[in-house]
Amino acid sequence: MTLVRWNPWREIDTLQRQLNSLFEDSKVTSEFLGRGLSKVPAAEIQETENAIHLKLELPGIEAKDLDVQVTENAVYLSGERKSETKTEDKGVTRSEFHYGKFQRVIPLSARIQNTNVTADYKDGILNLTLPKTEQEKNKVVKVNLKQSAT
């Protein structure tokens with residue numbers, strides 16, 4: 001009987017190669033996208049004293065393919081990134097673009113006046129200015145402290 005020294009790094013290396021080959025397979029991407037799992041847009045939120053500024057990254061989507069709804073507490077965004085159909089005689093096309101429908105709900109940290117929201121959509125960036133309600137603007141109250149005699 002021969003003793004063989006166990007090397008855990010060899011098994012990790014084998015696992016790494018298997019994972020790499022899995023992600024190199026183009027069928028995996030199309031299977032995931034076929035199930036409706038598409039990428040949601042990235043967001044940036046900046047809060048000031050008077051408003052919440054929300055910026056969403058939506059490259060390759062036309063304004064007509066977006067639906068933006070705003071309540072006092074959240075922004076609901078849905079849309080569809082449509083694929084371009086190209087006809088090629090020969091060759092292989094590999095795409096890492098994400099196509100399909102998406103939706104995202106972004107909860108807001110303060111109540112807003114959803115009737116006064118302004119939007120600007122340019123170069124695939126959606127900028128929303130969400131003005132806060134008067135109650136939210138006056139939410140911070142200075143508390144006067146009295147020192148007690150001990």
# chains A, B, ... in the order shown; residues from 1 in each chain; ligands from 1
>>> residues_around(residues="Thr115 in chain A", least_positions_apart="6", cutoff="10 Å", atoms="only C-alpha atoms", output="VMD selection string")
chain A and resid 70 to 72 130 to 131
>>> write_last_selection(atoms="all heavy atoms", output="CSV table (one decimal), in the first residue's frame")
chain,number,residue,atom,x,y,z
A,70,VAL,N,-43.8,57.5,-8.4
A,70,VAL,CA,-43.3,58.0,-7.2
A,70,VAL,C,-44.4,58.1,-6.2
A,70,VAL,O,-45.4,58.7,-6.4
A,70,VAL,CB,-42.6,59.3,-7.4
A,70,VAL,CG1,-42.0,59.8,-6.0
A,70,VAL,CG2,-41.5,59.2,-8.4
A,71,THR,N,-44.2,57.5,-5.0
A,71,THR,CA,-45.1,57.7,-3.9
A,71,THR,C,-44.4,58.6,-2.8
A,71,THR,O,-43.3,59.0,-3.1
A,71,THR,CB,-45.5,56.3,-3.2
A,71,THR,OG1,-44.4,55.7,-2.6
A,71,THR,CG2,-46.1,55.4,-4.2
A,72,GLU,N,-45.1,58.8,-1.7
A,72,GLU,CA,-44.4,59.6,-0.7
A,72,GLU,C,-43.2,58.9,0.0
A,72,GLU,O,-42.4,59.6,0.5
A,72,GLU,CB,-45.5,59.9,0.4
A,72,GLU,CG,-46.6,60.9,-0.1
A,72,GLU,CD,-47.6,61.2,1.0
A,72,GLU,OE1,-47.7,60.4,2.0
A,72,GLU,OE2,-48.2,62.2,1.0
A,130,LEU,N,-36.6,64.9,-5.8
A,130,LEU,CA,-37.8,64.6,-5.0
A,130,LEU,C,-37.8,65.5,-3.8
A,130,LEU,O,-37.1,65.3,-2.8
A,130,LEU,CB,-37.7,63.1,-4.5
A,130,LEU,CG,-37.3,62.1,-5.6
A,130,LEU,CD1,-36.7,60.9,-5.0
A,130,LEU,CD2,-38.6,61.7,-6.4
A,131,PRO,N,-38.6,66.6,-3.9
A,131,PRO,CA,-38.7,67.6,-2.8
A,131,PRO,C,-39.3,67.0,-1.6
A,131,PRO,O,-40.3,66.3,-1.7
A,131,PRO,CB,-39.5,68.7,-3.4
A,131,PRO,CG,-40.3,68.1,-4.5
A,131,PRO,CD,-39.5,67.0,-5.0
>>> residues_around(residues="Asn116 in chain A", least_positions_apart="2", cutoff="9 Å", atoms="only C-alpha atoms", output="ChimeraX atom specification")
/A:112-114,118,129-131
>>> write_last_selection(atoms="all heavy atoms", output="PDB file, in the first residue's frame")
ATOM      1  N   ILE A 112     -41.805  62.574   0.780  1.00  0.00           N
ATOM      2  CA  ILE A 112     -41.600  63.592  -0.254  1.00  0.00           C
ATOM      3  C   ILE A 112     -42.930  64.061  -0.817  1.00  0.00           C
ATOM      4  O   ILE A 112     -43.965  63.425  -0.640  1.00  0.00           O
ATOM      5  CB  ILE A 112     -40.708  63.053  -1.394  1.00  0.00           C
ATOM      6  CG1 ILE A 112     -41.351  61.835  -2.040  1.00  0.00           C
ATOM      7  CG2 ILE A 112     -39.316  62.740  -0.914  1.00  0.00           C
ATOM      8  CD1 ILE A 112     -41.050  61.744  -3.483  1.00  0.00           C
ATOM      9  N   GLN A 113     -42.879  65.185  -1.515  1.00  0.00           N
ATOM     10  CA  GLN A 113     -44.041  65.712  -2.238  1.00  0.00           C
ATOM     11  C   GLN A 113     -44.040  65.065  -3.619  1.00  0.00           C
ATOM     12  O   GLN A 113     -43.405  65.570  -4.544  1.00  0.00           O
ATOM     13  CB  GLN A 113     -43.939  67.225  -2.372  1.00  0.00           C
ATOM     14  CG  GLN A 113     -43.857  67.982  -1.085  1.00  0.00           C
ATOM     15  CD  GLN A 113     -43.586  69.453  -1.334  1.00  0.00           C
ATOM     16  OE1 GLN A 113     -43.857  69.983  -2.401  1.00  0.00           O
ATOM     17  NE2 GLN A 113     -43.035  70.113  -0.323  1.00  0.00           N
ATOM     18  N   ASN A 114     -44.731  63.962  -3.754  1.00  0.00           N
ATOM     19  CA  ASN A 114     -44.654  63.228  -5.014  1.00  0.00           C
ATOM     20  C   ASN A 114     -45.345  63.954  -6.170  1.00  0.00           C
ATOM     21  O   ASN A 114     -45.166  63.581  -7.322  1.00  0.00           O
ATOM     22  CB  ASN A 114     -45.196  61.808  -4.862  1.00  0.00           C
ATOM     23  CG  ASN A 114     -46.636  61.760  -4.429  1.00  0.00           C
ATOM     24  OD1 ASN A 114     -47.143  62.699  -3.828  1.00  0.00           O
ATOM     25  ND2 ASN A 114     -47.307  60.657  -4.719  1.00  0.00           N
ATOM     26  N   THR A 118     -39.368  66.339 -10.200  1.00  0.00           N
ATOM     27  CA  THR A 118     -38.872  66.689 -11.533  1.00  0.00           C
ATOM     28  C   THR A 118     -37.913  65.604 -12.010  1.00  0.00           C
ATOM     29  O   THR A 118     -37.194  65.007 -11.205  1.00  0.00           O
ATOM     30  CB  THR A 118     -38.166  68.058 -11.537  1.00  0.00           C
ATOM     31  OG1 THR A 118     -37.075  68.022 -10.618  1.00  0.00           O
ATOM     32  CG2 THR A 118     -39.122  69.171 -11.150  1.00  0.00           C
ATOM     33  N   THR A 129     -35.437  64.666  -8.932  1.00  0.00           N
ATOM     34  CA  THR A 129     -35.366  65.547  -7.772  1.00  0.00           C
ATOM     35  C   THR A 129     -36.683  65.389  -7.034  1.00  0.00           C
ATOM     36  O   THR A 129     -37.753  65.686  -7.572  1.00  0.00           O
ATOM     37  CB  THR A 129     -35.148  67.009  -8.193  1.00  0.00           C
ATOM     38  OG1 THR A 129     -33.928  67.071  -8.950  1.00  0.00           O
ATOM     39  CG2 THR A 129     -35.038  67.913  -6.985  1.00  0.00           C
ATOM     40  N   LEU A 130     -36.596  64.896  -5.806  1.00  0.00           N
ATOM     41  CA  LEU A 130     -37.758  64.566  -5.005  1.00  0.00           C
ATOM     42  C   LEU A 130     -37.828  65.532  -3.820  1.00  0.00           C
ATOM     43  O   LEU A 130     -37.134  65.327  -2.816  1.00  0.00           O
ATOM     44  CB  LEU A 130     -37.650  63.120  -4.513  1.00  0.00           C
ATOM     45  CG  LEU A 130     -37.323  62.087  -5.607  1.00  0.00           C
ATOM     46  CD1 LEU A 130     -36.690  60.851  -5.011  1.00  0.00           C
ATOM     47  CD2 LEU A 130     -38.558  61.737  -6.380  1.00  0.00           C
ATOM     48  N   PRO A 131     -38.634  66.606  -3.917  1.00  0.00           N
ATOM     49  CA  PRO A 131     -38.678  67.584  -2.824  1.00  0.00           C
ATOM     50  C   PRO A 131     -39.347  66.998  -1.577  1.00  0.00           C
ATOM     51  O   PRO A 131     -40.345  66.293  -1.673  1.00  0.00           O
ATOM     52  CB  PRO A 131     -39.500  68.735  -3.404  1.00  0.00           C
ATOM     53  CG  PRO A 131     -40.272  68.143  -4.516  1.00  0.00           C
ATOM     54  CD  PRO A 131     -39.501  66.963  -5.019  1.00  0.00           C
TER      55      PRO A 131
END
>>> closest_residue(among="A:Ser109, A:Gln16, A:Thr93, A:Ser78", to="Lys132 in chain A", atoms="only C-alpha atoms")
A:Ser109
>>> residues_around(residues="range 59-62 of chain A", least_positions_apart="5", cutoff="9 Å", atoms="only C-alpha atoms", output="PyMOL selection string")
chain A and resi 41+79-82+123-125
>>> closest_residue(among="A:Ala63, A:Ala74, A:Leu145, A:Ile12", to="Ala119 in chain A", atoms="only C-alpha atoms")
A:Ala63
>>> closest_residue(among="A:Arg94, A:Val75, A:Thr2, A:Gln103", to="Ile45 in chain A", atoms="only C-alpha atoms")
A:Val75
>>> atom_distance(atom1="CA of Glu57 in chain A", atom2="CA of Arg111 in chain A")
23.3 Å
>>> closest_residue(among="A:Asn73, A:Ser83, A:Ser21, A:Gln46", to="Thr133 in chain A", atoms="only C-alpha atoms")
A:Asn73
